[in-house]
Structures are given as C-alpha cells and as structure tokens.
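To start, the structure under review is shown below, and the notes come after it.
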Amino acid sequence: MKIRAVASNTFKEAIRDRVLYLLLFFAVISLISSRILALLTVGDKIKIIMDVGLASISLFGVLMAILMGTGLVYKEIDKKTIYTLLSKPINRLQFLLGKFFGLMATLFIMLVFMSLIFIIIFLLYSGQITWKFFVSLGFVFLELCLITSVALLFSCFSTPILSSIFSLSFYVIGHLSWGLETLIKKMKPGITKFLTQAVYALLPDLENFNFKSEVVHNLAIPPKIFLFSFLYGIIYTFFILVLAMLVFRRRDFI
Amino acid sequence: MVVSCGLFMGLKLITDQIPRKKVPGASIIYIPSGKYLKYASLGYSSLFADLVYIWSIQYFSNHSVPERFQYLTHVFSIISELDPNYLDPYQVGALIAIYDAKDFDTAMEILEKGLEKNPEQWIFPWQAGHYAQMILKDFKLAKKYYKMAMEIQGSPPITKRLYSNAVYELGDYETAWKNWLEIYKNADDKRVKKIASNHLYRTKAAIDIQKIKQALYKYKNKFGQLPKKLGVLVSSGILDSIPQDLDGRDYVYNPETGKIKTAVIPWKR
C-alpha cells in the first residue's frame, strides 16, 4: 500500500519530466530514420529496419533509465522533501521500492510507446513480426530494470552526474564482460585464473538479455536461455536493490 | 533571434556554394578490425554491421576514389566479424570484387568466408561456381563449387545441371552422361526433361565423335588418307558399327577435313 503510494507519486512525477520527452522525441526520430536508412542498402531492407528499431528502443530506454534513475533519491535529498517523507510511517525500504517501481512503470509505458511506433513502421513495410521480437523487448525491459536499480543505488549516495557516469560504466562493463571469458580461456590454471573467474562471475553480463541478433536473423534460441537469463536478471536486480537499501539505511541526511 | 536564424541559414547556403578541394576517400584514415569494433559496439554489433555495410556501398560506388578497392577485403571482414550471419555483404562484396575491382581471388575469399560462417547457405558456393564458370571459364573450379553447393540442403535443382555441364566441359563425358541421365529420369517438368535430353544428345555426340575420330586416325595411319565415307571404317574392320546420334540420325562427316558434327544443333532439336 505504502510502496504503491510512493510508486504512484514517482510515476506521476517522472511522466512529467521534460528529459523523458526529449529522449522520446529522439527515439521516435531514430525509429523513423530506420526506414530511410533501409533505402541506402543493397539487399535485405528488413534487417536494417529491425536492427535500427531494436537498437533505438534499447539505447533510449537505457538513457531514460539512467537519467531518470540517478535523480530519483538525490532530488528528494536535495529538495529536503526526504525529511517529510521519512517522518511519515514509511520505512526506507518501502520508500526505495516505491521509487523503483514508479520509475519502472514509467519506463514500461515509454517502452510500449516506442515499440508501438516501431511496429507500425515495420508492419507498413513488411507485415510480419515474430514472437521473438516481443520476447526480445521483454528482455530489454528486464535489462532496464537492472540498470534502473543500479542508477537508484548510486543515487542513494552520489550526485546525479557521478551516478550517471557510474551507471553508464555499469552498462559498458555489462556489454564488455564477455571479453573476460575469452581471456580466462587463455589463462593458465592458478590463483589468478580463479580470481579472474570470480570477478567475471560478479560482473554484470548484459549480453544475457541481448536477443537482437536472434530476432533479426530468425535464429533458434534454446528455451533454457530464456529461463536462466530471466532468473539472472531478477536475482541481480534484487541483489542491487538490497545493496541500495543497505546504503540508504545507513545514509544520514543531516 | 529570428534575424540571427535567417542569417546563419543564409550563410550556410552561401558557404555550400564555395568550392572546396576534397581528397576522395580521405574519410578512411583508420579502419579498426572487426574484433575490436565488436567490443566497442556494446551489444549493438548487428547495427554496427549494418552501418558499415551501408557506408561501404556508398564508398565502393564512388568512382572518384581510385584506390578504393585496397580495403575491400578488410571492410567486408569487419562486417563478417560484427555480424557473421548477415548474408548480403558477402554476396555484394564478391560482386564488387568481380565486376568493379576485377579481383577474382578476393571475391572467392569473401564467398568462402561467407560459407565458413554460414555452412548451411548454398548460395555462397553456388555464386563462386557461377563466377568461376561465367567469368574465369574455369570449369574445374566451377565443378568444385557446384559440388559443394549440391551437398547443402535446399540448393536449387539447377545446381546439379550446372555441375553436370561443368563435368562435360572438363571432358569427362561418361560422368556427364550418367548425371544427365539421372536428371532426365528424375525431372518433374517437361522443360527440365527437354534440357536434360538436349544435354544427353550433346554428351552422346561428344562420346561418339571422339570414338569416330580415333577410328579415323587409325585408318589414316594404316592407309595414308582419310576415308571417303564413314562406312569404310566398318568394312576395314576398325569399327564394328558407325554410331548414330541420340535421335538415330547419322553424323555429318567431311572427308576433306576429317571433321564430324551432329546433323542438328542440340538446342534446336
């Protein structure tokens, strides 16, 4: 009930944020440009439209998550409204979760809106969308959940600029960590390899949520990957939120 | 604000009219390898592949860049690294290499890479065979590639016909006959049956003419001249009988030159 109240307020606040609409505007431009870019290619135009469309939805979704998420808690602290909020019978965990779910609801609406625009553009050109496209969007949303939780974590103790940089770094590491696996394979067994493997396991692997290639090339996806990637996303998000709660619980606002 | 907006728009239009020297192809200062670009793409490797491909089409179509083909292999290998399942670049890269760069080896390299990354795609060996046959007239190479294409599921029926034609052109008439006979027996429609029949006619004619020529050679060695009629080869005991074409017609023999040909053109039967 209390989480819902905070979430509802966060949603109402976030949906009015001008940054969101600026990003949405560029996302729509990017989606429309996929159709124009396809004119320049020789061969499969559908691939270009699908690639640009999915990339736009994913990239702008991440930007929205980072830019909005990093200000979630910080704004309350900066405006001193956090005192009013926490003086009410609401604990810090409920407050954090409310903020998280509020932003997730906003991102969900944005994702649906961008997807609808893309589907219209795509259907006007091709007329065939497979179920893999929707699954891919689902995992984009899961990735946004994780990024939002990370942005929320950094927002609990840092300024928006630094939080944005840290969140962006998390995103970059998440998409580069697969390179560490290649390095581990070349290492000799020993303590260094063990430590590297531990670091690799701890670092985020956002490629688990990336099914763009499979959608574009209509490749087979092992059903197990859906379950494990989904669980990975949920558990990692939970872990980050717990970390955020621990940080926020110790935070002194005076 | 309106005045300044109008001013800068006008200045832009004026600046665009001023001719400036450009070095064609100067946009390529450094092209990173596909492996490192894949890292830099942060999960958008497919999109990067699209953008590099679209750029490459514009770049290689620009005839004012004289040495644009020196990076052909590298650019298309980047696309292959970023998105190995993207089929169009392999075909277009090979097309550019063959028809623009006149570089057959590069075209084959690109198509071989396409096949390596996509072993289930018959189009790559098929195109390689097609280029070997039509451009190089290298039927040995064409035969090799058509055979590879034939072994991939989904390859069109014409592949076997092209393979059989390559076998014929290499002079292996016995194998060509066997292949064309199989095609004729398994043909679903009249058109393919007719094509196979014409090739069978041509192959039989080649086998028969070869046999007759050998007999003429033996006759000339024995009697010092060519016979006036082919029937003489039978009466002199060199041949048991004079072969006829697939339709039962006699071959046309020129006693002055020793040349033998079919009574009709195979494709006009």
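Chain lettering (A, B, ...) mirrors the order of the structure tokens, residue numbering begins at 1 for each chain separately, and ligand numbering begins at 1 in order of display.
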Applying 8 Å and only C-alpha atoms, which residues near segment 201-210 of chain A remain after dropping the ones on its own chain fewer than 3 positions away? List them as a PyMOL selection string. (chain A and resi 136+139-140+142-143+170-171+173-178+197-198+213+229) or (chain B and resi 43)
Write a file of the just-selected residues containing N, CA and C atoms, as a short mmCIF file (atom, residue, chain, number, x, y, z; two decimals), in the first residue's frame.
```
data_model
loop_
_atom_site.label_atom_id
_atom_site.label_comp_id
_atom_site.auth_asym_id
_atom_site.auth_seq_id
_atom_site.Cartn_x
_atom_site.Cartn_y
_atom_site.Cartn_z
N SER A 136 12.29 -10.43 -27.17
CA SER A 136 13.46 -9.56 -27.13
C SER A 136 13.15 -8.26 -26.39
N PHE A 139 13.09 -8.79 -22.69
CA PHE A 139 14.41 -8.82 -22.08
C PHE A 139 15.06 -7.44 -22.07
N VAL A 140 14.69 -6.59 -23.01
CA VAL A 140 15.15 -5.19 -22.97
C VAL A 140 14.61 -4.54 -21.69
N LEU A 142 13.78 -6.07 -18.96
CA LEU A 142 14.48 -6.67 -17.82
C LEU A 142 15.84 -5.99 -17.63
N GLU A 143 16.50 -5.71 -18.74
CA GLU A 143 17.79 -5.00 -18.69
C GLU A 143 17.58 -3.61 -18.09
N PHE A 170 28.58 0.85 -15.63
CA PHE A 170 27.99 -0.46 -15.36
C PHE A 170 27.45 -1.05 -16.67
N TYR A 171 26.79 -0.22 -17.45
CA TYR A 171 26.22 -0.65 -18.72
C TYR A 171 27.32 -1.09 -19.69
N ILE A 173 30.43 -2.03 -18.92
CA ILE A 173 31.07 -3.26 -18.39
C ILE A 173 30.17 -4.46 -18.68
N GLY A 174 28.87 -4.24 -18.51
CA GLY A 174 27.90 -5.32 -18.75
C GLY A 174 27.97 -5.85 -20.17
N HIS A 175 28.30 -4.98 -21.12
CA HIS A 175 28.37 -5.41 -22.51
C HIS A 175 29.78 -5.77 -22.96
N LEU A 176 30.76 -5.58 -22.08
CA LEU A 176 32.14 -5.93 -22.44
C LEU A 176 32.64 -7.15 -21.66
N SER A 177 31.92 -7.55 -20.63
CA SER A 177 32.43 -8.60 -19.73
C SER A 177 32.59 -9.93 -20.44
N TRP A 178 31.90 -10.11 -21.57
CA TRP A 178 32.05 -11.38 -22.29
C TRP A 178 33.47 -11.54 -22.82
N GLN A 197 38.04 -15.47 -12.68
CA GLN A 197 36.73 -16.13 -12.85
C GLN A 197 35.72 -15.58 -11.85
N ALA A 198 36.20 -15.32 -10.61
CA ALA A 198 35.31 -14.77 -9.58
C ALA A 198 34.84 -13.37 -9.99
N SER A 213 20.23 -10.14 -32.33
CA SER A 213 20.71 -10.93 -33.49
C SER A 213 19.74 -12.06 -33.82
N SER A 229 18.28 -16.59 -18.22
CA SER A 229 18.51 -15.14 -18.37
C SER A 229 17.51 -14.36 -17.52
N GLY B 43 27.15 -4.50 -27.59
CA GLY B 43 25.92 -5.27 -27.79
C GLY B 43 25.13 -4.86 -29.02
#
```
Excluding Ala205 of chain B and its own-chain neighbours fewer than 3 positions away, which residues fall within 12 Å of it when counting only C-alpha atoms? Please give them as number ranges by chain. B: 168, 173-174, 177, 198-202, 208-213, 243-252, 260-266
Grab the residues selected above and save them as a PDB file, in the first residue's frame with C-alpha atoms.
```pdb
ATOM      1  CA  TYR B 168      31.017 -32.123 -69.571  1.00  0.00           C
ATOM      2  CA  TYR B 173      31.723 -37.403 -70.875  1.00  0.00           C
ATOM      3  CA  GLU B 174      30.982 -40.704 -69.126  1.00  0.00           C
ATOM      4  CA  TRP B 177      26.182 -38.810 -69.328  1.00  0.00           C
ATOM      5  CA  ASN B 198      19.490 -31.897 -75.202  1.00  0.00           C
ATOM      6  CA  HIS B 199      22.494 -32.359 -72.929  1.00  0.00           C
ATOM      7  CA  LEU B 200      22.271 -36.132 -73.267  1.00  0.00           C
ATOM      8  CA  TYR B 201      22.226 -35.647 -77.037  1.00  0.00           C
ATOM      9  CA  ARG B 202      25.307 -33.406 -76.858  1.00  0.00           C
ATOM     10  CA  ASP B 208      30.568 -40.884 -80.467  1.00  0.00           C
ATOM     11  CA  ILE B 209      32.572 -38.218 -82.281  1.00  0.00           C
ATOM     12  CA  GLN B 210      35.575 -38.984 -80.066  1.00  0.00           C
ATOM     13  CA  LYS B 211      35.246 -42.687 -80.952  1.00  0.00           C
ATOM     14  CA  ILE B 212      34.881 -41.961 -84.671  1.00  0.00           C
ATOM     15  CA  LYS B 213      37.852 -39.571 -84.638  1.00  0.00           C
ATOM     16  CA  PRO B 243      27.391 -44.778 -84.021  1.00  0.00           C
ATOM     17  CA  GLN B 244      24.340 -42.649 -84.567  1.00  0.00           C
ATOM     18  CA  ASP B 245      23.113 -39.664 -82.553  1.00  0.00           C
ATOM     19  CA  LEU B 246      20.527 -39.967 -79.799  1.00  0.00           C
ATOM     20  CA  ASP B 247      17.708 -39.446 -82.340  1.00  0.00           C
ATOM     21  CA  GLY B 248      19.016 -42.176 -84.666  1.00  0.00           C
ATOM     22  CA  ARG B 249      20.496 -39.794 -87.239  1.00  0.00           C
ATOM     23  CA  ASP B 250      23.897 -40.183 -88.873  1.00  0.00           C
ATOM     24  CA  TYR B 251      26.677 -37.802 -88.040  1.00  0.00           C
ATOM     25  CA  VAL B 252      27.822 -35.440 -90.754  1.00  0.00           C
ATOM     26  CA  ILE B 260      32.466 -34.689 -87.730  1.00  0.00           C
ATOM     27  CA  LYS B 261      29.446 -32.887 -86.438  1.00  0.00           C
ATOM     28  CA  THR B 262      25.871 -33.568 -85.466  1.00  0.00           C
ATOM     29  CA  ALA B 263      23.117 -33.307 -88.051  1.00  0.00           C
ATOM     30  CA  VAL B 264      21.270 -30.819 -85.863  1.00  0.00           C
ATOM     31  CA  ILE B 265      22.243 -28.291 -83.191  1.00  0.00           C
ATOM     32  CA  PRO B 266      21.415 -29.901 -79.819  1.00  0.00           C
TER      33      PRO B 266
END
```
Tell me as number ranges by chain which residues belonging to chain B come within 10 Å of chain A, counting only C-alpha atoms. B: 38-51, 53-58, 83, 85-89, 91-92
Keeping only C-alpha atoms, write the selected residues as a compact mmCIF listing (two decimals), in the first residue's frame.
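Contents of out.txt, freshly written:
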```txt
# COMPACT_ATOMS: atom_id res chain seq x y z
CA LYS B 38 32.72 -5.79 -31.76
CA TYR B 39 33.94 -4.85 -28.28
CA ALA B 40 33.23 -1.20 -28.93
CA SER B 41 29.72 -1.92 -30.18
CA LEU B 42 28.46 -2.70 -26.64
CA GLY B 43 25.92 -5.27 -27.79
CA TYR B 44 24.90 -3.37 -30.94
CA SER B 45 27.23 -5.30 -33.26
CA SER B 46 24.41 -6.07 -35.69
CA LEU B 47 23.59 -2.37 -36.03
CA PHE B 48 27.28 -1.52 -36.46
CA ALA B 49 27.48 -4.15 -39.20
CA ASP B 50 24.53 -2.50 -40.96
CA LEU B 51 26.10 0.93 -40.75
CA TYR B 53 27.74 -2.14 -44.85
CA ILE B 54 25.68 0.87 -45.91
CA TRP B 55 28.79 3.06 -45.75
CA SER B 56 30.80 0.53 -47.79
CA ILE B 57 28.17 0.52 -50.57
CA GLN B 58 28.47 4.29 -50.90
CA ASP B 83 27.53 -9.97 -37.80
CA ASN B 85 25.00 -14.22 -40.21
CA TYR B 86 24.44 -11.11 -42.33
CA LEU B 87 24.35 -12.69 -45.79
CA ASP B 88 24.01 -9.72 -48.14
CA PRO B 89 27.51 -8.25 -47.57
CA GLN B 91 27.34 -11.51 -51.93
CA VAL B 92 27.64 -7.78 -52.61
```
Calculate how many Å separate atom CA of Val135 of chain A from atom CA of Phe118 of chain A, rounding to one decimal. 15.0 Å
When you look at segment 20-25 of chain A with a cut-off of 10 Å (counting only C-alpha atoms), what residues show up, excluding the ones that are within fewer than 6 positions of it in the same chain? I need them as a PyMOL selection string. chain A and resi 14+31+57+60-61+63-65+67-68+106-107+110-111+113-114
Generate the output file for the selected residues, N, CA and C atoms, as a tab-separated table (two decimals), in the first residue's frame.
```
chain	number	residue	atom	x	y	z
A	14	ALA	N	7.65	11.40	-12.72
A	14	ALA	CA	8.55	11.01	-13.82
A	14	ALA	C	7.90	11.26	-15.18
A	31	LEU	N	13.67	5.86	-34.83
A	31	LEU	CA	12.85	4.78	-35.35
A	31	LEU	C	12.42	5.07	-36.78
A	57	ILE	N	15.21	1.44	-29.43
A	57	ILE	CA	14.37	1.18	-28.25
A	57	ILE	C	15.26	0.86	-27.06
A	60	PHE	N	17.72	4.14	-26.10
A	60	PHE	CA	16.99	5.26	-25.47
A	60	PHE	C	16.32	4.83	-24.18
A	61	GLY	N	15.93	3.57	-24.09
A	61	GLY	CA	15.40	3.06	-22.83
A	61	GLY	C	16.44	3.12	-21.74
A	63	LEU	N	19.07	5.11	-21.66
A	63	LEU	CA	19.32	6.53	-21.34
A	63	LEU	C	18.25	7.09	-20.42
A	64	MET	N	17.00	6.72	-20.68
A	64	MET	CA	15.90	7.15	-19.81
A	64	MET	C	16.09	6.59	-18.41
A	65	ALA	N	16.44	5.32	-18.32
A	65	ALA	CA	16.62	4.66	-17.02
A	65	ALA	C	17.72	5.35	-16.23
A	67	LEU	N	19.18	8.49	-16.78
A	67	LEU	CA	18.96	9.92	-16.49
A	67	LEU	C	17.85	10.15	-15.45
A	68	MET	N	16.82	9.33	-15.50
A	68	MET	CA	15.75	9.49	-14.52
A	68	MET	C	16.12	8.81	-13.21
A	106	THR	N	7.00	3.91	-15.41
A	106	THR	CA	7.22	4.96	-16.43
A	106	THR	C	7.97	4.39	-17.62
A	107	LEU	N	9.03	3.64	-17.34
A	107	LEU	CA	9.84	3.06	-18.43
A	107	LEU	C	9.02	2.06	-19.24
A	110	MET	N	6.95	3.99	-21.65
A	110	MET	CA	7.81	4.51	-22.74
A	110	MET	C	8.19	3.39	-23.71
A	111	LEU	N	8.52	2.24	-23.15
A	111	LEU	CA	8.91	1.08	-23.97
A	111	LEU	C	7.75	0.66	-24.87
A	113	PHE	N	5.26	2.51	-25.85
A	113	PHE	CA	5.03	3.56	-26.85
A	113	PHE	C	6.03	3.46	-28.00
A	114	MET	N	7.31	3.31	-27.66
A	114	MET	CA	8.35	3.19	-28.71
A	114	MET	C	8.12	1.94	-29.53
```
I want to know what sits within 10 Å of Ser167 of chain A, based on only C-alpha atoms, with residues of the same chain fewer than 4 positions away left out; could you give that as a compact mmCIF listing (two decimals) with C-alpha atoms, in the first residue's frame?
```txt
# COMPACT_ATOMS: atom_id res chain seq x y z
CA VAL A 62 18.77 2.77 -21.11
CA LEU A 63 19.32 6.53 -21.34
CA ALA A 65 16.62 4.66 -17.02
CA ILE A 66 19.98 6.26 -16.22
CA LEU A 67 18.96 9.92 -16.49
CA GLY A 69 17.06 6.88 -12.09
CA THR A 70 20.09 8.86 -10.96
CA ILE A 147 20.03 -0.51 -14.98
CA THR A 148 17.37 1.38 -13.00
CA SER A 149 18.29 -0.49 -9.81
CA VAL A 150 21.94 0.42 -10.39
CA ALA A 151 21.04 4.06 -11.02
CA LEU A 152 18.94 4.02 -7.85
CA LEU A 153 21.86 2.55 -5.88
CA PHE A 154 24.23 5.30 -6.97
CA SER A 155 21.55 7.92 -6.46
CA ILE A 161 26.44 13.45 -12.66
CA LEU A 162 28.61 10.88 -10.91
CA SER A 163 25.70 8.46 -10.63
CA TYR A 171 26.22 -0.65 -18.72
CA VAL A 172 29.50 -0.62 -20.67
CA ILE A 173 31.07 -3.26 -18.39
```
Go ahead and compute the interatomic distance for atom CA of Lys224 of chain A and atom CA of Gly138 of chain A, in Å to one decimal. 15.8 Å
7 Å contact set for segment 85-99 of chain A, only C-alpha atoms, chain neighbours under 6 positions out, as a compact mmCIF listing (two decimals) with C-alpha atoms, in the first residue's frame:
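Heads up, here's the output in selection_37.txt:
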```
# COMPACT_ATOMS: atom_id res chain seq x y z
CA LYS A 2 2.73 2.46 1.02
CA ILE A 3 5.02 1.22 -1.75
CA ARG A 4 2.15 1.72 -4.19
CA VAL A 6 5.26 6.19 -3.41
CA ALA A 7 5.35 4.41 -6.76
CA THR A 10 7.07 8.73 -8.56
CA LEU A 72 15.28 9.58 -8.02
CA MET A 245 18.73 -0.49 0.77
CA ARG A 249 19.62 2.73 5.56
```
Can you tell me, as a PDB file with N, CA and C atoms, in the first residue's frame, what residues are no more than 9 Å from Glu256 of chain B when counting only C-alpha atoms, ignoring any on the same chain fewer than 2 positions away?
```
ATOM      1  N   LEU B 226      42.327 -40.137 -95.372  1.00  0.00           N
ATOM      2  CA  LEU B 226      41.043 -40.262 -94.678  1.00  0.00           C
ATOM      3  C   LEU B 226      40.050 -40.986 -95.593  1.00  0.00           C
ATOM      4  N   LYS B 228      36.545 -41.881 -97.614  1.00  0.00           N
ATOM      5  CA  LYS B 228      35.552 -41.015 -98.272  1.00  0.00           C
ATOM      6  C   LYS B 228      34.224 -41.013 -97.515  1.00  0.00           C
ATOM      7  N   ASN B 254      32.943 -34.728 -92.978  1.00  0.00           N
ATOM      8  CA  ASN B 254      33.604 -34.016 -94.082  1.00  0.00           C
ATOM      9  C   ASN B 254      34.908 -34.755 -94.421  1.00  0.00           C
ATOM     10  N   GLY B 258      38.106 -34.111 -92.329  1.00  0.00           N
ATOM     11  CA  GLY B 258      38.013 -35.137 -91.275  1.00  0.00           C
ATOM     12  C   GLY B 258      37.125 -34.712 -90.113  1.00  0.00           C
ATOM     13  N   LYS B 259      36.423 -33.566 -90.286  1.00  0.00           N
ATOM     14  CA  LYS B 259      35.590 -33.086 -89.169  1.00  0.00           C
ATOM     15  C   LYS B 259      34.251 -33.820 -89.151  1.00  0.00           C
TER      16      LYS B 259
END
```
Run DSSP on the backbone of this structure and report the residues of segment 67-267 of chain B it assigns to alpha helix (DSSP H), as number ranges by chain. B: 72-82, 88-95, 104-117, 123-131, 139-150, 158-169, 173-186, 190-223, 231-235
Between atom CA of Ser169 of chain A and atom CA of Thr196 of chain A, distance in Å (one decimal): 19.0 Å
Quick one: everything within 7 Å of segment 140-152 of chain B, counting only C-alpha atoms, minus sequence neighbours fewer than 2 positions away in the same chain. Send it as a PyMOL selection string. chain B and resi 120+122+125-126+128-130+132-133+138+154-155+159-160+163+166-167+170
Include N, CA and C atoms and write out the residues we just selected as a JSON list (two decimals), in the first residue's frame.
```json
[["chain", "number", "residue", "atom", "x", "y", "z"],
["B", 120, "GLU", "N", 25.29, -23.59, -43.80],
["B", 120, "GLU", "CA", 24.01, -24.08, -44.30],
["B", 120, "GLU", "C", 23.50, -23.27, -45.50],
["B", 122, "TRP", "N", 23.67, -22.42, -49.27],
["B", 122, "TRP", "CA", 24.19, -22.93, -50.55],
["B", 122, "TRP", "C", 24.59, -21.81, -51.49],
["B", 125, "PRO", "N", 28.75, -21.09, -52.22],
["B", 125, "PRO", "CA", 29.48, -21.91, -53.20],
["B", 125, "PRO", "C", 28.83, -21.83, -54.58],
["B", 126, "TRP", "N", 27.52, -21.63, -54.62],
["B", 126, "TRP", "CA", 26.81, -21.54, -55.90],
["B", 126, "TRP", "C", 27.30, -20.32, -56.67],
["B", 128, "ALA", "N", 30.11, -18.76, -56.19],
["B", 128, "ALA", "CA", 31.52, -18.95, -56.52],
["B", 128, "ALA", "C", 31.64, -19.77, -57.80],
["B", 129, "GLY", "N", 30.83, -20.83, -57.89],
["B", 129, "GLY", "CA", 30.84, -21.67, -59.09],
["B", 129, "GLY", "C", 30.39, -20.88, -60.31],
["B", 130, "HIS", "N", 29.38, -20.06, -60.11],
["B", 130, "HIS", "CA", 28.85, -19.24, -61.19],
["B", 130, "HIS", "C", 29.91, -18.28, -61.72],
["B", 132, "ALA", "N", 33.18, -18.62, -61.38],
["B", 132, "ALA", "CA", 34.27, -19.41, -61.98],
["B", 132, "ALA", "C", 33.90, -19.80, -63.41],
["B", 133, "GLN", "N", 32.61, -20.16, -63.59],
["B", 133, "GLN", "CA", 32.16, -20.61, -64.92],
["B", 133, "GLN", "C", 32.03, -19.43, -65.88],
["B", 138, "ASP", "N", 36.70, -21.24, -65.78],
["B", 138, "ASP", "CA", 37.45, -22.31, -65.12],
["B", 138, "ASP", "C", 36.45, -23.36, -64.65],
["B", 154, "GLY", "N", 18.68, -27.73, -49.61],
["B", 154, "GLY", "CA", 17.95, -26.54, -50.05],
["B", 154, "GLY", "C", 18.49, -25.94, -51.32],
["B", 155, "SER", "N", 19.61, -26.48, -51.83],
["B", 155, "SER", "CA", 20.16, -25.91, -53.06],
["B", 155, "SER", "C", 19.20, -26.21, -54.21],
["B", 159, "THR", "N", 21.47, -26.49, -59.71],
["B", 159, "THR", "CA", 22.88, -26.68, -59.29],
["B", 159, "THR", "C", 23.44, -27.96, -59.89],
["B", 160, "LYS", "N", 22.64, -29.02, -59.85],
["B", 160, "LYS", "CA", 23.11, -30.29, -60.40],
["B", 160, "LYS", "C", 23.33, -30.18, -61.91],
["B", 163, "TYR", "N", 26.50, -28.33, -62.46],
["B", 163, "TYR", "CA", 27.61, -29.24, -62.12],
["B", 163, "TYR", "C", 27.88, -30.19, -63.28],
["B", 166, "ALA", "N", 29.54, -28.52, -66.10],
["B", 166, "ALA", "CA", 30.98, -28.30, -65.81],
["B", 166, "ALA", "C", 31.76, -29.60, -66.04],
["B", 167, "VAL", "N", 31.15, -30.72, -65.63],
["B", 167, "VAL", "CA", 31.79, -32.04, -65.84],
["B", 167, "VAL", "C", 31.98, -32.28, -67.34],
["B", 170, "LEU", "N", 34.75, -30.30, -68.85],
["B", 170, "LEU", "CA", 36.07, -30.81, -68.48],
["B", 170, "LEU", "C", 36.44, -32.06, -69.27]]
```
